[in-house]
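work-v5.cif (mmCIF, C-alpha atoms and all ligand atoms) appears below.
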```cif
data_model
loop_
_atom_site.label_atom_id
_atom_site.label_comp_id
_atom_site.auth_asym_id
_atom_site.auth_seq_id
_atom_site.Cartn_x
_atom_site.Cartn_y
_atom_site.Cartn_z
CA MET A 1255 104.33 95.14 151.54
CA ILE A 1256 101.24 97.27 150.80
CA ASN A 1257 100.54 97.79 147.08
CA ILE A 1258 99.50 101.36 146.28
CA SER A 1259 97.97 102.45 142.98
CA VAL A 1260 98.16 106.23 142.53
CA LEU A 1261 95.55 107.94 140.35
CA VAL A 1262 96.49 111.22 138.71
CA SER A 1263 95.29 113.76 136.15
CA GLY A 1264 97.93 116.49 136.14
CA GLY A 1265 101.37 117.61 137.21
CA GLY A 1266 101.79 114.95 139.88
CA THR A 1267 103.62 116.87 142.62
CA ASN A 1268 101.68 114.88 145.24
CA LEU A 1269 102.65 111.66 143.45
CA GLN A 1270 106.26 112.84 143.51
CA ALA A 1271 106.08 113.45 147.26
CA VAL A 1272 104.92 109.86 147.83
CA ILE A 1273 107.62 108.50 145.49
CA ASP A 1274 110.26 110.52 147.36
CA ASN A 1275 109.00 109.47 150.81
CA ILE A 1276 109.09 105.79 149.82
CA GLU A 1277 112.59 106.16 148.37
CA SER A 1278 113.84 107.96 151.51
CA GLY A 1279 112.29 105.38 153.85
CA GLU A 1280 109.96 108.00 155.38
CA LEU A 1281 107.07 105.90 154.08
CA SER A 1282 108.10 102.26 154.58
CA GLY A 1283 106.19 99.03 153.99
CA ALA A 1284 104.51 100.34 150.84
CA ARG A 1285 105.30 100.38 147.15
CA ILE A 1286 103.61 102.18 144.25
CA VAL A 1287 102.69 99.37 141.88
CA GLN A 1288 101.34 101.68 139.16
CA VAL A 1289 100.27 105.20 138.31
CA ILE A 1290 96.97 105.45 136.45
CA SER A 1291 96.05 108.70 134.74
CA SER A 1292 92.59 109.77 133.61
CA LYS A 1293 94.14 111.25 130.48
CA GLU A 1294 97.17 111.04 128.17
CA GLY A 1295 100.25 113.18 128.26
CA VAL A 1296 100.23 114.47 131.86
CA PHE A 1297 103.53 115.20 133.59
CA ALA A 1298 102.62 112.79 136.42
CA LEU A 1299 103.18 109.92 133.94
CA GLU A 1300 106.68 111.26 133.21
CA ARG A 1301 107.38 111.35 136.95
CA ALA A 1302 106.30 107.70 137.19
CA ALA A 1303 108.50 106.68 134.25
CA LYS A 1304 111.53 108.46 135.78
CA ALA A 1305 110.94 106.54 139.01
CA GLY A 1306 110.65 103.24 137.12
CA ILE A 1307 106.95 102.90 137.96
CA GLN A 1308 104.56 101.70 135.26
CA GLY A 1309 102.15 104.36 134.07
CA LYS A 1310 98.81 103.70 132.40
CA VAL A 1311 95.80 105.64 131.17
CA ALA A 1312 92.31 104.46 132.12
CA LYS A 1313 89.43 106.42 130.68
CA ASP A 1314 86.61 104.12 131.78
CA THR A 1315 85.67 102.38 135.00
CA LYS A 1316 86.00 98.82 133.67
CA ARG A 1317 89.59 99.40 132.56
CA LEU A 1318 90.35 101.15 135.85
CA LEU A 1319 89.00 98.23 137.89
CA ASP A 1320 90.87 95.71 135.73
CA GLN A 1321 94.16 97.58 136.17
CA LEU A 1322 93.66 97.99 139.93
CA ALA A 1323 93.05 94.25 140.30
CA ALA A 1324 95.87 93.27 137.92
CA GLU A 1325 98.41 94.83 140.27
CA LYS A 1326 96.77 93.50 143.45
CA THR A 1327 96.05 97.01 144.76
CA ASP A 1328 95.66 97.32 148.55
CA LEU A 1329 95.28 101.12 148.67
CA ILE A 1330 94.28 103.68 146.04
CA VAL A 1331 95.67 107.20 146.43
CA LEU A 1332 94.03 110.02 144.45
CA ALA A 1333 96.76 112.60 143.86
CA GLY A 1334 95.36 115.42 141.80
CA TYR A 1335 92.85 113.04 140.22
CA MET A 1336 90.11 115.11 138.61
CA LYS A 1337 87.41 112.51 137.92
CA VAL A 1338 84.69 111.31 140.30
CA LEU A 1339 85.05 107.57 140.86
CA GLU A 1340 82.03 105.42 139.96
CA PRO A 1341 80.24 103.67 142.88
CA ALA A 1342 81.57 100.30 141.60
CA VAL A 1343 85.11 101.44 142.45
CA ILE A 1344 84.12 102.84 145.86
CA GLN A 1345 82.34 99.58 146.73
CA ALA A 1346 85.26 97.41 145.60
CA TYR A 1347 87.74 99.46 147.69
CA ARG A 1348 85.66 100.67 150.66
CA ARG A 1349 87.89 102.59 153.15
CA ARG A 1350 90.92 101.91 150.95
CA ILE A 1351 90.76 105.02 148.75
CA LEU A 1352 92.47 108.20 149.99
CA ASN A 1353 92.19 111.68 148.50
CA ILE A 1354 94.12 114.89 149.18
CA HIS A 1355 92.09 118.08 149.09
CA PRO A 1356 93.63 121.57 149.39
CA SER A 1357 91.30 123.01 152.06
CA LEU A 1358 90.09 122.28 155.60
CA ILE A 1359 87.11 120.04 154.77
CA PRO A 1360 84.14 120.54 155.26
CA LYS A 1361 84.91 124.10 154.10
CA TYR A 1362 85.59 124.92 150.44
CA CYS A 1363 85.12 121.43 149.05
CA GLY A 1364 82.63 119.47 146.96
CA LYS A 1365 81.48 119.94 143.39
CA GLY A 1366 83.33 122.73 141.60
CA PHE A 1367 85.91 123.24 144.35
CA TYR A 1368 89.22 122.17 142.81
CA GLY A 1369 92.61 123.71 142.04
CA LYS A 1370 92.88 127.49 142.21
CA ARG A 1371 89.11 127.87 142.72
CA VAL A 1372 89.50 126.47 146.22
CA HIS A 1373 92.10 129.05 147.21
CA GLN A 1374 90.25 131.95 145.58
CA ALA A 1375 87.12 130.97 147.54
CA VAL A 1376 89.16 130.88 150.78
CA LEU A 1377 90.46 134.40 150.07
CA ASP A 1378 86.99 135.63 149.06
CA GLY A 1379 85.70 134.15 152.31
CA GLY A 1380 88.14 136.33 154.25
CA GLU A 1381 89.72 133.33 155.96
CA THR A 1382 92.95 133.81 157.94
CA VAL A 1383 93.61 130.06 158.03
CA SER A 1384 93.37 127.42 155.31
CA GLY A 1385 94.95 123.99 155.06
CA ALA A 1386 94.87 120.54 153.48
CA THR A 1387 92.89 117.38 154.20
CA VAL A 1388 93.47 113.67 153.57
CA HIS A 1389 90.17 111.80 153.60
CA PHE A 1390 88.62 108.47 152.61
CA VAL A 1391 86.73 108.61 149.33
CA ASP A 1392 83.07 107.59 149.46
CA GLU A 1393 80.24 108.02 146.96
CA GLY A 1394 80.10 111.79 147.52
CA VAL A 1395 82.52 114.52 146.41
CA ASP A 1396 85.05 115.25 149.20
CA THR A 1397 82.56 113.83 151.76
CA GLY A 1398 84.45 110.78 153.07
CA GLU A 1399 85.70 110.41 156.65
CA ILE A 1400 88.65 112.69 157.42
CA ILE A 1401 91.96 110.89 158.04
CA LEU A 1402 94.26 113.86 158.66
CA GLN A 1403 94.16 117.67 158.40
CA ARG A 1404 96.79 120.37 158.79
CA GLN A 1405 96.29 124.13 158.97
CA VAL A 1406 98.16 126.60 156.75
CA PRO A 1407 98.14 130.35 157.45
CA VAL A 1408 96.68 132.79 154.95
CA GLU A 1409 99.15 135.68 154.70
CA PRO A 1410 98.19 139.33 154.04
CA GLY A 1411 98.41 140.04 150.33
CA ASP A 1412 98.05 136.38 149.40
CA THR A 1413 96.78 135.59 145.92
CA ALA A 1414 95.23 132.26 144.92
CA ASP A 1415 98.66 131.35 143.51
CA THR A 1416 100.67 132.18 146.62
CA LEU A 1417 98.17 130.43 148.89
CA ALA A 1418 98.03 127.39 146.58
CA ALA A 1419 101.81 127.07 146.70
CA ARG A 1420 101.89 127.25 150.51
CA VAL A 1421 99.06 124.71 150.88
CA LEU A 1422 100.67 122.37 148.32
CA GLU A 1423 103.77 122.09 150.52
CA THR A 1424 101.55 120.84 153.35
CA GLU A 1425 99.72 118.48 151.00
CA HIS A 1426 103.03 116.86 150.15
CA VAL A 1427 103.69 116.16 153.83
CA ILE A 1428 100.27 115.02 155.05
CA LEU A 1429 99.47 112.71 152.10
CA SER A 1430 102.25 110.32 153.15
CA GLU A 1431 101.31 110.72 156.83
CA GLY A 1432 97.72 109.85 155.94
CA ILE A 1433 98.86 106.77 154.03
CA LYS A 1434 100.91 105.65 157.05
CA LYS A 1435 97.91 106.12 159.35
CA VAL A 1436 95.62 104.03 157.11
CA MET A 1437 98.28 101.36 156.56
CA ALA A 1438 98.57 100.87 160.32
CA GLN A 1439 94.83 100.13 160.46
CA LEU A 1440 94.78 97.62 157.57
CA PRO A 1441 93.91 94.03 158.61
CA GLU A 1442 96.95 92.86 156.61
CA LYS A 1443 99.09 94.84 159.06
CA GLY A 1444 97.31 93.47 162.10
CA GLY A 1445 95.40 96.75 162.30
CA LEU A 1446 91.87 97.34 163.58
C1 LIG B 1501 96.66 119.72 144.30
O1 LIG B 1501 96.35 120.99 144.83
C2 LIG B 1501 95.77 118.69 144.96
O2 LIG B 1501 95.33 119.06 146.25
C3 LIG B 1501 94.59 118.66 144.06
O3 LIG B 1501 95.18 118.72 142.76
C4 LIG B 1501 96.27 119.65 142.82
C5 LIG B 1501 97.38 119.21 141.89
O4 LIG B 1501 98.10 118.23 142.50
N1 LIG B 1501 93.79 117.50 144.30
P1 LIG B 1501 99.39 117.54 141.79
O5 LIG B 1501 100.48 118.60 141.69
O6 LIG B 1501 98.96 117.06 140.41
O7 LIG B 1501 99.73 116.44 142.73
#
```
Output the structure of this file as structure tokens.
Ligand code: GRF
Amino acid sequence: MINISVLVSGGGTNLQAVIDNIESGELSGARIVQVISSKEGVFALERAAKAGIQGKVAKDTKRLLDQLAAEKTDLIVLAGYMKVLEPAVIQAYRRRILNIHPSLIPKYCGKGFYGKRVHQAVLDGGETVSGATVHFVDEGVDTGEIILQRQVPVEPGDTADTLAARVLETEHVILSEGIKKVMAQLPEKGGL
């Protein structure tokens, strides 16, 4: 059984998608051992509590590393996590940290590209196609190796809100698919 720690900072709809996919059997062989938020009082922690998953807040790297180790974390999933992880975390979990980004990396990503800003930039760029990306997290911002991408059409008359909502639906699907793909490659699973 692969132990997943999910890191959050907000509403947690991506966390919810992973919870639901584990409960439905869509994502088997994994369990969420904890949800760690970068700040208090976010709805993602309520989602964890409802699912019977322990929720914690870690505001510094030492506490984060201690909590990750305490639950024997095999994979870290960043699901709407708004902090940049310190190199110590990247080094401790090389190629075991996944992030979901709401654009087709390498476009519209990196410092300052998060939330609605991503979708507004896509519209301002006159794009007819956007999408979502699951990628490994390395020392850069949204620069790690791409695991999975899926395109999402930009519709005429789209606003940042309508595009965000359409992309979010795809995020919810490909995050679990990305986790499955990485799990299959883990040495513990006889992977590469
Ligand atoms: C999502 O658009 C995700 O791509 C980004 O944060 C947003 C909020 O996600 N990283 P969630 O609803 O908190 O999962």
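Using only C-alpha atoms and all ligand atoms, the smallest distance between any of A:Ile1401, A:Ala1305, A:Leu1299, A:Leu1332 and ligand LIG 1501 (chain B) comes from A:Leu1332.
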Practice item. Could you give me, as a ChimeraX atom specification, the residues within 12 Å of Gly1306 of chain A, counting all atoms listed in the file and dropping anything in the same chain fewer than 4 positions from it? Key: /A:1273,1277,1285-1289,1299-1302
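Using all atoms listed in the file, the smallest distance between any of A:Lys1313, A:Arg1348, A:Lys1435, A:Lys1304 and Val1391 of chain A comes from A:Arg1348.
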Could you list, as a PDB file with C-alpha atoms, in the coordinates of the input, all residues that come within 8 Å of ligand LIG 1501 (chain B)? Count all atoms listed in the file.
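Saved to part-v7.pdb:
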```pdb
ATOM      1  CA  VAL A1262      96.490 111.220 138.710  1.00  0.00           C
ATOM      2  CA  SER A1263      95.290 113.760 136.150  1.00  0.00           C
ATOM      3  CA  GLY A1264      97.930 116.490 136.140  1.00  0.00           C
ATOM      4  CA  GLY A1265     101.370 117.610 137.210  1.00  0.00           C
ATOM      5  CA  GLY A1266     101.790 114.950 139.880  1.00  0.00           C
ATOM      6  CA  THR A1267     103.620 116.870 142.620  1.00  0.00           C
ATOM      7  CA  ASN A1268     101.680 114.880 145.240  1.00  0.00           C
ATOM      8  CA  LEU A1269     102.650 111.660 143.450  1.00  0.00           C
ATOM      9  CA  GLN A1270     106.260 112.840 143.510  1.00  0.00           C
ATOM     10  CA  ALA A1298     102.620 112.790 136.420  1.00  0.00           C
ATOM     11  CA  LEU A1332      94.030 110.020 144.450  1.00  0.00           C
ATOM     12  CA  ALA A1333      96.760 112.600 143.860  1.00  0.00           C
ATOM     13  CA  GLY A1334      95.360 115.420 141.800  1.00  0.00           C
ATOM     14  CA  TYR A1335      92.850 113.040 140.220  1.00  0.00           C
ATOM     15  CA  MET A1336      90.110 115.110 138.610  1.00  0.00           C
ATOM     16  CA  ASN A1353      92.190 111.680 148.500  1.00  0.00           C
ATOM     17  CA  ILE A1354      94.120 114.890 149.180  1.00  0.00           C
ATOM     18  CA  HIS A1355      92.090 118.080 149.090  1.00  0.00           C
ATOM     19  CA  PRO A1356      93.630 121.570 149.390  1.00  0.00           C
ATOM     20  CA  TYR A1368      89.220 122.170 142.810  1.00  0.00           C
ATOM     21  CA  GLY A1369      92.610 123.710 142.040  1.00  0.00           C
ATOM     22  CA  LYS A1370      92.880 127.490 142.210  1.00  0.00           C
ATOM     23  CA  ALA A1386      94.870 120.540 153.480  1.00  0.00           C
ATOM     24  CA  ALA A1418      98.030 127.390 146.580  1.00  0.00           C
ATOM     25  CA  VAL A1421      99.060 124.710 150.880  1.00  0.00           C
ATOM     26  CA  LEU A1422     100.670 122.370 148.320  1.00  0.00           C
ATOM     27  CA  GLU A1425      99.720 118.480 151.000  1.00  0.00           C
TER      28      GLU A1425
END
```
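Note that atom CA of Val1372 of chain A and atom CA of Gly1394 of chain A are 17.5 Å apart.
In this structure, atom CA of Gln1405 of chain A sits 16.6 Å away from atom CA of Gln1374 of chain A.
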Practice item. Considering all atoms listed in the file, return as a ChimeraX atom specification whatever protein or nucleic-acid residues lie within 8 Å of Gly1364 of chain A, sequence-local ones (same chain, fewer than 4 positions apart) excluded. Key: /A:1395-1397
Restricted to C-alpha atoms, what would the selected residues look like written as a compact mmCIF listing (two decimals), keeping the file's coordinate frame?
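result06.txt, written as the output of this step:
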```txt
# COMPACT_ATOMS: atom_id res chain seq x y z
CA VAL A 1395 82.52 114.52 146.41
CA ASP A 1396 85.05 115.25 149.20
CA THR A 1397 82.56 113.83 151.76
```
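Taking atom CA of Ala1303 of chain A as the reference point, atom CA of Gly1283 of chain A is found at 21.3 Å.
Proximity to Gly1309 of chain A was assessed for A:Val1436, A:Val1260, A:Cys1363, A:Val1408 counting only C-alpha atoms; the smallest distance is recorded for A:Val1260.
Among A:Glu1423, A:Glu1431, A:Glu1393, A:Glu1381, the residue with the shortest atom-to-atom distance to Glu1409 of chain A, counting all atoms listed in the file, is A:Glu1381.
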**Study point:** Test item: which residues lie within 12 Å of (101.1, 95.7, 151.5) counting all atoms listed in the file, as a ChimeraX atom specification
**Key:** /A:1255-1259,1282-1287,1325-1330,1350,1433-1434,1436-1444
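Distances here use only C-alpha atoms; by that measure, the residue among A:Thr1413, A:Phe1390, A:Ser1292, A:Asp1314 closest to Tyr1347 of chain A is A:Phe1390.
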Write out N, CA, C and O atoms for segment 1338-1349 of chain A, as a short mmCIF file (atom, residue, chain, number, x, y, z; two decimals), in the frame of the given file.
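Wrote it out as rebuild02.cif, contents follow:
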```
data_model
loop_
_atom_site.label_atom_id
_atom_site.label_comp_id
_atom_site.auth_asym_id
_atom_site.auth_seq_id
_atom_site.Cartn_x
_atom_site.Cartn_y
_atom_site.Cartn_z
N VAL A 1338 85.42 111.90 139.16
CA VAL A 1338 84.69 111.31 140.30
C VAL A 1338 84.61 109.81 140.06
O VAL A 1338 84.23 109.36 138.98
N LEU A 1339 85.04 109.03 141.02
CA LEU A 1339 85.05 107.57 140.86
C LEU A 1339 83.62 107.03 140.87
O LEU A 1339 82.79 107.47 141.68
N GLU A 1340 83.34 106.07 140.01
CA GLU A 1340 82.03 105.42 139.96
C GLU A 1340 81.80 104.63 141.26
O GLU A 1340 82.78 104.13 141.84
N PRO A 1341 80.53 104.46 141.66
CA PRO A 1341 80.24 103.67 142.88
C PRO A 1341 80.87 102.27 142.86
O PRO A 1341 81.30 101.78 143.90
N ALA A 1342 81.00 101.66 141.69
CA ALA A 1342 81.57 100.30 141.60
C ALA A 1342 82.99 100.28 142.17
O ALA A 1342 83.42 99.32 142.83
N VAL A 1343 83.73 101.38 141.94
CA VAL A 1343 85.11 101.44 142.45
C VAL A 1343 85.10 101.65 143.97
O VAL A 1343 85.81 100.99 144.71
N ILE A 1344 84.22 102.55 144.42
CA ILE A 1344 84.12 102.84 145.86
C ILE A 1344 83.76 101.56 146.61
O ILE A 1344 84.36 101.23 147.64
N GLN A 1345 82.80 100.81 146.05
CA GLN A 1345 82.34 99.58 146.73
C GLN A 1345 83.43 98.52 146.77
O GLN A 1345 83.62 97.84 147.75
N ALA A 1346 84.20 98.45 145.67
CA ALA A 1346 85.26 97.41 145.60
C ALA A 1346 86.42 97.73 146.54
O ALA A 1346 87.16 96.86 146.97
N TYR A 1347 86.59 99.03 146.87
CA TYR A 1347 87.74 99.46 147.69
C TYR A 1347 87.28 100.35 148.84
O TYR A 1347 87.85 101.40 149.12
N ARG A 1348 86.22 99.90 149.53
CA ARG A 1348 85.66 100.67 150.66
C ARG A 1348 86.74 100.93 151.71
O ARG A 1348 87.46 100.01 152.11
N ARG A 1349 86.89 102.19 152.15
CA ARG A 1349 87.89 102.59 153.15
C ARG A 1349 89.32 102.21 152.76
O ARG A 1349 90.18 101.98 153.61
#
```
